[in-house]
Amino acid sequence: PNVTQVNTTSMTCSVKLTYKKGTKTYTTFSYGKVITYVRSYTTAAASQYNYLSPYISHVVLNNLVPDTTYSYQVTTLGGVYYGDYSFRTLPRKKTYPLRVGVMGDIGQTVNSSDTRDHIYANDPQVILMVGDNSYADDYSYNNPDSATGSGTNQLRWDSYAVLWQKVFAKFPILNLVGNHETETSLINATLNYTTNSGFGYPYNYPFQTYSSRYPSPTLNLSSIGDINQNLYYSTIVGGAIKLIVMNNYVPFHPGSDQYQFVAGELQAFNRKQTPWLIVMYHTATYHTYYTHYKELECFRGIWEP
């Protein structure tokens, strides 16, 4: 397809939601868009494995009633039934306890299954996901079972979604970018920590898969799939938490777009309105793990004071 950021297909998708209020049952419909994305490899050997994603449906649900359970059904475009699911919206006002799940670096292993089942059993109202989702970049472009870390294997994103479906289908997830979401191997992708530059296919498109599959909750429908709109964000969680999500893989120094955004969000923070402030980013500020030793020193030097 002719791709700029992502390809918006001519198809649409919709979600039918039902919920109860008192003795009455209500039904609402929301409509969205279907997108695909392309990963074009830069070497001759890899180019025969260029990847076109499956159809990815996105629907923005507006005007949901707080603290309410909604039911929905998933079918294919051809009408094949997949299942019935439900989720519960967060309260709008401060209500305690607010049950928050936190996870990160979850991947696709036996440990991943244990983490998934533990999270599900504890029934959180919302989940903070601190990055490193599928670990697709640990696998070769031509074999989803070969952990060579060359080119990334996009099929691992599909299997990741299947593995985590029962959690993702039920609980609100607030995600962010980790190092395994950069996916720069064997494509036109460069990360620059000093200057603000726009990202986009085909010239420079790190974070492409993550942005296409897991948009931030603050985006409107037209912005879904745009890498530049999905790098960092801020939102209110359950009326009690101000959540600021940062990206330590794009410029964060004074004068950068991210610095100005985060500084403005911190300045506007009102503890009387939201008693809790959580700032979330991927790389650990303090740790003894040799692989990422002092990786965040510049970031810490700017933001710790």
# chains A, B, ... in the order shown; residues from 1 in each chain; ligands from 1
>>> residues_around(residues="Leu219 in chain A", least_positions_apart="5", cutoff="10 Å", atoms="only C-alpha atoms", output="ChimeraX atom specification")
/A:60,224-226,229-230,233
>>> write_last_selection(atoms="C-alpha atoms", output="compact mmCIF listing (two decimals), in the first residue's frame")
# COMPACT_ATOMS: atom_id res chain seq x y z
CA VAL A 60 -12.32 5.48 20.50
CA ILE A 224 -3.87 6.78 15.92
CA GLY A 225 -0.84 5.28 14.20
CA ASP A 226 1.07 8.58 14.13
CA GLN A 229 1.67 11.68 18.68
CA ASN A 230 2.35 8.51 20.68
CA TYR A 233 1.38 11.67 27.33
>>> residues_around(residues="Ala240 in chain A", least_positions_apart="4", cutoff="6 Å", atoms="only C-alpha atoms", output="NGL selection string")
:A and (94 or 274-275)
>>> select_by_dssp(residues="range 35-225 of chain A", states="helix (DSSP H, G or I)", output="PDB file with N, CA, C and O atoms, in the first residue's frame")
ATOM      1  N   ALA A  44      19.307  -6.586   1.059  1.00  0.00           N
ATOM      2  CA  ALA A  44      18.740  -7.423   0.003  1.00  0.00           C
ATOM      3  C   ALA A  44      18.222  -8.744   0.549  1.00  0.00           C
ATOM      4  O   ALA A  44      17.154  -9.226   0.148  1.00  0.00           O
ATOM      5  N   ALA A  45      18.973  -9.344   1.482  1.00  0.00           N
ATOM      6  CA  ALA A  45      18.570 -10.640   2.029  1.00  0.00           C
ATOM      7  C   ALA A  45      17.271 -10.534   2.813  1.00  0.00           C
ATOM      8  O   ALA A  45      16.417 -11.431   2.757  1.00  0.00           O
ATOM      9  N   ALA A  46      17.109  -9.436   3.530  1.00  0.00           N
ATOM     10  CA  ALA A  46      15.928  -9.292   4.383  1.00  0.00           C
ATOM     11  C   ALA A  46      14.716  -8.752   3.637  1.00  0.00           C
ATOM     12  O   ALA A  46      13.575  -8.966   4.067  1.00  0.00           O
ATOM     13  N   SER A  47      14.943  -8.055   2.503  1.00  0.00           N
ATOM     14  CA  SER A  47      13.845  -7.357   1.841  1.00  0.00           C
ATOM     15  C   SER A  47      12.754  -8.300   1.345  1.00  0.00           C
ATOM     16  O   SER A  47      11.593  -7.895   1.207  1.00  0.00           O
ATOM     17  N   VAL A 110       7.296 -18.572  29.968  1.00  0.00           N
ATOM     18  CA  VAL A 110       6.537 -19.186  31.058  1.00  0.00           C
ATOM     19  C   VAL A 110       6.297 -18.167  32.166  1.00  0.00           C
ATOM     20  O   VAL A 110       5.217 -18.107  32.778  1.00  0.00           O
ATOM     21  N   ASN A 111       7.305 -17.334  32.424  1.00  0.00           N
ATOM     22  CA  ASN A 111       7.139 -16.278  33.429  1.00  0.00           C
ATOM     23  C   ASN A 111       6.046 -15.294  33.017  1.00  0.00           C
ATOM     24  O   ASN A 111       5.329 -14.757  33.867  1.00  0.00           O
ATOM     25  N   SER A 112       5.944 -15.041  31.710  1.00  0.00           N
ATOM     26  CA  SER A 112       4.890 -14.148  31.214  1.00  0.00           C
ATOM     27  C   SER A 112       3.511 -14.705  31.548  1.00  0.00           C
ATOM     28  O   SER A 112       2.619 -13.972  31.992  1.00  0.00           O
ATOM     29  N   SER A 113       3.334 -15.996  31.336  1.00  0.00           N
ATOM     30  CA  SER A 113       2.048 -16.631  31.638  1.00  0.00           C
ATOM     31  C   SER A 113       1.722 -16.531  33.120  1.00  0.00           C
ATOM     32  O   SER A 113       0.579 -16.268  33.509  1.00  0.00           O
ATOM     33  N   ASP A 114       2.727 -16.743  33.966  1.00  0.00           N
ATOM     34  CA  ASP A 114       2.517 -16.629  35.414  1.00  0.00           C
ATOM     35  C   ASP A 114       2.120 -15.210  35.796  1.00  0.00           C
ATOM     36  O   ASP A 114       1.211 -15.000  36.615  1.00  0.00           O
ATOM     37  N   THR A 115       2.816 -14.220  35.207  1.00  0.00           N
ATOM     38  CA  THR A 115       2.497 -12.818  35.492  1.00  0.00           C
ATOM     39  C   THR A 115       1.089 -12.483  35.020  1.00  0.00           C
ATOM     40  O   THR A 115       0.317 -11.828  35.732  1.00  0.00           O
ATOM     41  N   ARG A 116       0.752 -12.924  33.817  1.00  0.00           N
ATOM     42  CA  ARG A 116      -0.594 -12.688  33.270  1.00  0.00           C
ATOM     43  C   ARG A 116      -1.663 -13.238  34.205  1.00  0.00           C
ATOM     44  O   ARG A 116      -2.628 -12.541  34.546  1.00  0.00           O
ATOM     45  N   ASP A 117      -1.499 -14.473  34.636  1.00  0.00           N
ATOM     46  CA  ASP A 117      -2.513 -15.104  35.478  1.00  0.00           C
ATOM     47  C   ASP A 117      -2.590 -14.453  36.854  1.00  0.00           C
ATOM     48  O   ASP A 117      -3.678 -14.348  37.441  1.00  0.00           O
ATOM     49  N   HIS A 118      -1.444 -14.014  37.369  1.00  0.00           N
ATOM     50  CA  HIS A 118      -1.426 -13.332  38.676  1.00  0.00           C
ATOM     51  C   HIS A 118      -2.151 -11.992  38.585  1.00  0.00           C
ATOM     52  O   HIS A 118      -2.959 -11.651  39.459  1.00  0.00           O
ATOM     53  N   ILE A 119      -1.860 -11.238  37.540  1.00  0.00           N
ATOM     54  CA  ILE A 119      -2.533  -9.951  37.340  1.00  0.00           C
ATOM     55  C   ILE A 119      -4.037 -10.150  37.207  1.00  0.00           C
ATOM     56  O   ILE A 119      -4.846  -9.457  37.837  1.00  0.00           O
ATOM     57  N   TYR A 120      -4.429 -11.111  36.399  1.00  0.00           N
ATOM     58  CA  TYR A 120      -5.846 -11.354  36.146  1.00  0.00           C
ATOM     59  C   TYR A 120      -6.571 -11.744  37.432  1.00  0.00           C
ATOM     60  O   TYR A 120      -7.675 -11.254  37.718  1.00  0.00           O
ATOM     61  N   ALA A 121      -5.947 -12.619  38.220  1.00  0.00           N
ATOM     62  CA  ALA A 121      -6.580 -13.112  39.446  1.00  0.00           C
ATOM     63  C   ALA A 121      -6.761 -12.008  40.474  1.00  0.00           C
ATOM     64  O   ALA A 121      -7.678 -12.076  41.311  1.00  0.00           O
ATOM     65  N   ALA A 136       9.667  -8.701  20.353  1.00  0.00           N
ATOM     66  CA  ALA A 136       9.788  -9.150  18.963  1.00  0.00           C
ATOM     67  C   ALA A 136      11.166  -8.853  18.391  1.00  0.00           C
ATOM     68  O   ALA A 136      11.632  -9.551  17.483  1.00  0.00           O
ATOM     69  N   ASP A 137      11.830  -7.818  18.908  1.00  0.00           N
ATOM     70  CA  ASP A 137      13.153  -7.462  18.372  1.00  0.00           C
ATOM     71  C   ASP A 137      14.246  -8.429  18.804  1.00  0.00           C
ATOM     72  O   ASP A 137      15.389  -8.310  18.352  1.00  0.00           O
ATOM     73  N   ASP A 138      13.940  -9.386  19.646  1.00  0.00           N
ATOM     74  CA  ASP A 138      14.908 -10.436  19.985  1.00  0.00           C
ATOM     75  C   ASP A 138      14.919 -11.561  18.953  1.00  0.00           C
ATOM     76  O   ASP A 138      15.726 -12.486  19.053  1.00  0.00           O
ATOM     77  N   LEU A 155       5.658 -11.166  13.637  1.00  0.00           N
ATOM     78  CA  LEU A 155       4.682 -12.163  14.052  1.00  0.00           C
ATOM     79  C   LEU A 155       4.675 -12.339  15.569  1.00  0.00           C
ATOM     80  O   LEU A 155       3.673 -12.786  16.140  1.00  0.00           O
ATOM     81  N   ARG A 156       5.790 -11.975  16.202  1.00  0.00           N
ATOM     82  CA  ARG A 156       5.837 -12.072  17.663  1.00  0.00           C
ATOM     83  C   ARG A 156       4.905 -11.058  18.321  1.00  0.00           C
ATOM     84  O   ARG A 156       4.465 -11.271  19.456  1.00  0.00           O
ATOM     85  N   TRP A 157       4.581  -9.960  17.638  1.00  0.00           N
ATOM     86  CA  TRP A 157       3.584  -9.024  18.158  1.00  0.00           C
ATOM     87  C   TRP A 157       2.193  -9.647  18.123  1.00  0.00           C
ATOM     88  O   TRP A 157       1.370  -9.410  19.010  1.00  0.00           O
ATOM     89  N   ASP A 158       1.919 -10.438  17.085  1.00  0.00           N
ATOM     90  CA  ASP A 158       0.618 -11.106  17.001  1.00  0.00           C
ATOM     91  C   ASP A 158       0.470 -12.146  18.108  1.00  0.00           C
ATOM     92  O   ASP A 158      -0.567 -12.215  18.780  1.00  0.00           O
ATOM     93  N   SER A 159       1.498 -12.965  18.300  1.00  0.00           N
ATOM     94  CA  SER A 159       1.425 -14.004  19.336  1.00  0.00           C
ATOM     95  C   SER A 159       1.384 -13.388  20.728  1.00  0.00           C
ATOM     96  O   SER A 159       0.752 -13.931  21.646  1.00  0.00           O
ATOM     97  N   TYR A 160       2.019 -12.246  20.893  1.00  0.00           N
ATOM     98  CA  TYR A 160       1.973 -11.522  22.176  1.00  0.00           C
ATOM     99  C   TYR A 160       0.536 -11.109  22.507  1.00  0.00           C
ATOM    100  O   TYR A 160       0.076 -11.277  23.643  1.00  0.00           O
ATOM    101  N   ALA A 161      -0.162 -10.583  21.510  1.00  0.00           N
ATOM    102  CA  ALA A 161      -1.550 -10.160  21.730  1.00  0.00           C
ATOM    103  C   ALA A 161      -2.437 -11.347  22.087  1.00  0.00           C
ATOM    104  O   ALA A 161      -3.343 -11.233  22.922  1.00  0.00           O
ATOM    105  N   VAL A 162      -2.178 -12.486  21.464  1.00  0.00           N
ATOM    106  CA  VAL A 162      -2.954 -13.694  21.779  1.00  0.00           C
ATOM    107  C   VAL A 162      -2.675 -14.149  23.209  1.00  0.00           C
ATOM    108  O   VAL A 162      -3.592 -14.487  23.966  1.00  0.00           O
ATOM    109  N   LEU A 163      -1.391 -14.156  23.592  1.00  0.00           N
ATOM    110  CA  LEU A 163      -1.003 -14.598  24.933  1.00  0.00           C
ATOM    111  C   LEU A 163      -1.660 -13.744  26.018  1.00  0.00           C
ATOM    112  O   LEU A 163      -2.120 -14.261  27.039  1.00  0.00           O
ATOM    113  N   GLN A 165      -4.378 -11.779  25.703  1.00  0.00           N
ATOM    114  CA  GLN A 165      -5.725 -11.353  25.342  1.00  0.00           C
ATOM    115  C   GLN A 165      -6.670 -11.263  26.533  1.00  0.00           C
ATOM    116  O   GLN A 165      -7.436 -10.299  26.665  1.00  0.00           O
ATOM    117  N   LYS A 166      -6.652 -12.238  27.420  1.00  0.00           N
ATOM    118  CA  LYS A 166      -7.651 -12.227  28.492  1.00  0.00           C
ATOM    119  C   LYS A 166      -7.451 -11.043  29.439  1.00  0.00           C
ATOM    120  O   LYS A 166      -8.422 -10.559  30.039  1.00  0.00           O
ATOM    121  N   VAL A 167      -6.219 -10.558  29.561  1.00  0.00           N
ATOM    122  CA  VAL A 167      -5.957  -9.359  30.380  1.00  0.00           C
ATOM    123  C   VAL A 167      -6.305  -8.098  29.607  1.00  0.00           C
ATOM    124  O   VAL A 167      -7.005  -7.208  30.099  1.00  0.00           O
ATOM    125  N   PHE A 168      -5.812  -8.017  28.355  1.00  0.00           N
ATOM    126  CA  PHE A 168      -6.039  -6.811  27.561  1.00  0.00           C
ATOM    127  C   PHE A 168      -7.511  -6.602  27.230  1.00  0.00           C
ATOM    128  O   PHE A 168      -7.943  -5.472  27.024  1.00  0.00           O
ATOM    129  N   ASN A 179      12.849  -0.017  25.565  1.00  0.00           N
ATOM    130  CA  ASN A 179      13.875  -0.215  24.537  1.00  0.00           C
ATOM    131  C   ASN A 179      13.481  -1.274  23.511  1.00  0.00           C
ATOM    132  O   ASN A 179      13.902  -1.221  22.352  1.00  0.00           O
ATOM    133  N   HIS A 180      12.633  -2.230  23.901  1.00  0.00           N
ATOM    134  CA  HIS A 180      12.208  -3.255  22.944  1.00  0.00           C
ATOM    135  C   HIS A 180      11.083  -2.780  22.028  1.00  0.00           C
ATOM    136  O   HIS A 180      10.646  -3.532  21.153  1.00  0.00           O
ATOM    137  N   GLU A 181      10.613  -1.556  22.226  1.00  0.00           N
ATOM    138  CA  GLU A 181       9.657  -0.957  21.294  1.00  0.00           C
ATOM    139  C   GLU A 181      10.329  -0.063  20.251  1.00  0.00           C
ATOM    140  O   GLU A 181       9.661   0.419  19.337  1.00  0.00           O
ATOM    141  N   GLN A 208       7.290   2.236  15.310  1.00  0.00           N
ATOM    142  CA  GLN A 208       6.166   2.131  14.379  1.00  0.00           C
ATOM    143  C   GLN A 208       5.135   1.094  14.810  1.00  0.00           C
ATOM    144  O   GLN A 208       3.934   1.357  14.833  1.00  0.00           O
ATOM    145  N   THR A 209       5.617  -0.105  15.144  1.00  0.00           N
ATOM    146  CA  THR A 209       4.691  -1.175  15.505  1.00  0.00           C
ATOM    147  C   THR A 209       3.924  -0.833  16.772  1.00  0.00           C
ATOM    148  O   THR A 209       2.704  -0.993  16.849  1.00  0.00           O
ATOM    149  N   TYR A 210       4.642  -0.364  17.778  1.00  0.00           N
ATOM    150  CA  TYR A 210       4.011   0.020  19.047  1.00  0.00           C
ATOM    151  C   TYR A 210       2.939   1.080  18.820  1.00  0.00           C
ATOM    152  O   TYR A 210       1.818   0.984  19.354  1.00  0.00           O
ATOM    153  N   SER A 211       3.254   2.098  18.027  1.00  0.00           N
ATOM    154  CA  SER A 211       2.300   3.188  17.793  1.00  0.00           C
ATOM    155  C   SER A 211       1.075   2.712  17.029  1.00  0.00           C
ATOM    156  O   SER A 211      -0.039   3.211  17.251  1.00  0.00           O
ATOM    157  N   SER A 212       1.261   1.762  16.128  1.00  0.00           N
ATOM    158  CA  SER A 212       0.142   1.261  15.337  1.00  0.00           C
ATOM    159  C   SER A 212      -0.781   0.367  16.153  1.00  0.00           C
ATOM    160  O   SER A 212      -1.987   0.316  15.919  1.00  0.00           O
ATOM    161  N   ARG A 213      -0.203  -0.353  17.109  1.00  0.00           N
ATOM    162  CA  ARG A 213      -0.983  -1.339  17.862  1.00  0.00           C
ATOM    163  C   ARG A 213      -1.455  -0.833  19.232  1.00  0.00           C
ATOM    164  O   ARG A 213      -2.514  -1.249  19.709  1.00  0.00           O
ATOM    165  N   LEU A 221      -9.152   9.715  17.081  1.00  0.00           N
ATOM    166  CA  LEU A 221      -9.095   8.645  16.088  1.00  0.00           C
ATOM    167  C   LEU A 221      -8.148   8.967  14.938  1.00  0.00           C
ATOM    168  O   LEU A 221      -7.428   8.094  14.446  1.00  0.00           O
ATOM    169  N   SER A 222      -8.117  10.223  14.507  1.00  0.00           N
ATOM    170  CA  SER A 222      -7.295  10.592  13.352  1.00  0.00           C
ATOM    171  C   SER A 222      -5.804  10.495  13.645  1.00  0.00           C
ATOM    172  O   SER A 222      -4.999  10.378  12.723  1.00  0.00           O
ATOM    173  N   SER A 223      -5.399  10.539  14.921  1.00  0.00           N
ATOM    174  CA  SER A 223      -3.988  10.520  15.287  1.00  0.00           C
ATOM    175  C   SER A 223      -3.456   9.121  15.562  1.00  0.00           C
ATOM    176  O   SER A 223      -2.241   8.943  15.735  1.00  0.00           O
TER     177      SER A 223
END
>>> select_by_dssp(residues="range 107-154 of chain A", states="strand (DSSP E or B)", output="list in words")
Val126, Ile127, Leu128, Met129, Ser140, Asn143 and Gly151 of chain A
>>> residues_around(residues="range 66-77 of chain A", least_positions_apart="2", cutoff="9 Å", atoms="only C-alpha atoms", output="tab-separated table (two decimals) with N, CA, C and O atoms, in the first residue's frame")
chain	number	residue	atom	x	y	z
A	13	CYS	N	-14.63	-0.04	11.38
A	13	CYS	CA	-14.97	-1.04	12.39
A	13	CYS	C	-15.87	-0.38	13.41
A	13	CYS	O	-16.00	0.84	13.46
A	15	VAL	N	-17.88	-0.90	17.54
A	15	VAL	CA	-18.04	-1.61	18.81
A	15	VAL	C	-19.46	-1.37	19.31
A	15	VAL	O	-19.94	-0.23	19.36
A	16	LYS	N	-20.13	-2.46	19.64
A	16	LYS	CA	-21.46	-2.39	20.25
A	16	LYS	C	-21.30	-2.68	21.73
A	16	LYS	O	-20.84	-3.75	22.13
A	17	LEU	N	-21.63	-1.70	22.56
A	17	LEU	CA	-21.50	-1.83	24.00
A	17	LEU	C	-22.87	-1.90	24.65
A	17	LEU	O	-23.80	-1.19	24.26
A	18	THR	N	-22.99	-2.75	25.64
A	18	THR	CA	-24.21	-2.80	26.44
A	18	THR	C	-23.86	-2.64	27.91
A	18	THR	O	-22.80	-3.11	28.36
A	19	TYR	N	-24.72	-1.95	28.65
A	19	TYR	CA	-24.50	-1.79	30.07
A	19	TYR	C	-25.84	-1.61	30.77
A	19	TYR	O	-26.84	-1.24	30.15
A	20	LYS	N	-25.84	-1.90	32.07
A	20	LYS	CA	-27.07	-1.80	32.85
A	20	LYS	C	-26.99	-0.60	33.79
A	20	LYS	O	-25.95	-0.31	34.37
A	21	LYS	N	-28.12	0.04	33.94
A	21	LYS	CA	-28.26	1.14	34.89
A	21	LYS	C	-29.60	0.95	35.58
A	21	LYS	O	-30.65	1.15	34.97
A	63	ASN	N	-17.70	9.25	26.06
A	63	ASN	CA	-18.88	9.44	26.91
A	63	ASN	C	-19.30	8.17	27.66
A	63	ASN	O	-20.51	7.90	27.84
A	64	LEU	N	-18.33	7.38	28.09
A	64	LEU	CA	-18.65	6.21	28.89
A	64	LEU	C	-19.05	6.64	30.30
A	64	LEU	O	-18.55	7.62	30.84
A	79	GLY	N	-18.28	-11.64	9.93
A	79	GLY	CA	-19.34	-12.02	10.84
A	79	GLY	C	-19.07	-13.25	11.67
A	79	GLY	O	-19.95	-13.74	12.37
A	80	VAL	N	-17.82	-13.76	11.64
A	80	VAL	CA	-17.47	-14.93	12.44
A	80	VAL	C	-17.34	-14.52	13.90
A	80	VAL	O	-16.59	-13.60	14.24
A	81	TYR	N	-18.03	-15.19	14.77
A	81	TYR	CA	-18.08	-14.85	16.20
A	81	TYR	C	-16.82	-15.35	16.91
A	81	TYR	O	-16.40	-16.49	16.72
A	82	TYR	N	-16.21	-14.48	17.74
A	82	TYR	CA	-15.02	-14.86	18.50
A	82	TYR	C	-15.27	-14.93	20.01
A	82	TYR	O	-14.60	-15.69	20.70
A	83	GLY	N	-16.15	-14.13	20.53
A	83	GLY	CA	-16.38	-14.22	21.96
A	83	GLY	C	-17.03	-12.99	22.54
A	83	GLY	O	-17.11	-11.93	21.91
A	84	ASP	N	-17.52	-13.14	23.77
A	84	ASP	CA	-18.10	-12.04	24.53
A	84	ASP	C	-17.13	-11.64	25.63
A	84	ASP	O	-16.56	-12.50	26.31
A	85	TYR	N	-16.99	-10.33	25.83
A	85	TYR	CA	-16.03	-9.81	26.81
A	85	TYR	C	-16.68	-8.66	27.58
A	85	TYR	O	-17.76	-8.17	27.21
A	86	SER	N	-15.99	-8.21	28.61
A	86	SER	CA	-16.49	-7.07	29.37
A	86	SER	C	-15.32	-6.32	30.00
A	86	SER	O	-14.22	-6.87	30.16
A	87	PHE	N	-15.56	-5.06	30.31
A	87	PHE	CA	-14.59	-4.25	31.04
A	87	PHE	C	-15.36	-3.29	31.93
A	87	PHE	O	-16.55	-3.04	31.71
A	88	ARG	N	-14.68	-2.76	32.93
A	88	ARG	CA	-15.30	-1.81	33.84
A	88	ARG	C	-14.56	-0.49	33.78
A	88	ARG	O	-13.33	-0.46	33.89
A	89	THR	N	-15.30	0.59	33.59
A	89	THR	CA	-14.67	1.90	33.55
A	89	THR	C	-14.22	2.33	34.95
A	89	THR	O	-14.75	1.85	35.97
A	90	LEU	N	-13.26	3.22	35.00
A	90	LEU	CA	-12.76	3.73	36.26
A	90	LEU	C	-13.72	4.76	36.85
A	90	LEU	O	-14.48	5.40	36.11
A	91	PRO	N	-13.68	4.96	38.17
A	91	PRO	CA	-14.49	6.02	38.76
A	91	PRO	C	-13.98	7.39	38.34
A	91	PRO	O	-12.79	7.55	38.04
A	92	ARG	N	-14.85	8.37	38.28
A	92	ARG	CA	-14.45	9.72	37.90
A	92	ARG	C	-13.93	10.49	39.10
A	92	ARG	O	-13.02	11.29	38.99
A	93	LYS	N	-14.52	10.22	40.26
A	93	LYS	CA	-14.11	10.93	41.48
A	93	LYS	C	-13.21	10.02	42.32
A	93	LYS	O	-13.20	8.81	42.15
A	238	GLY	N	-8.76	7.38	37.33
A	238	GLY	CA	-9.72	7.16	38.40
A	238	GLY	C	-9.98	8.36	39.30
A	238	GLY	O	-10.38	8.19	40.45
>>> atom_distance(atom1="CA of His282 in chain A", atom2="CA of Ser57 in chain A")
26.6 Å
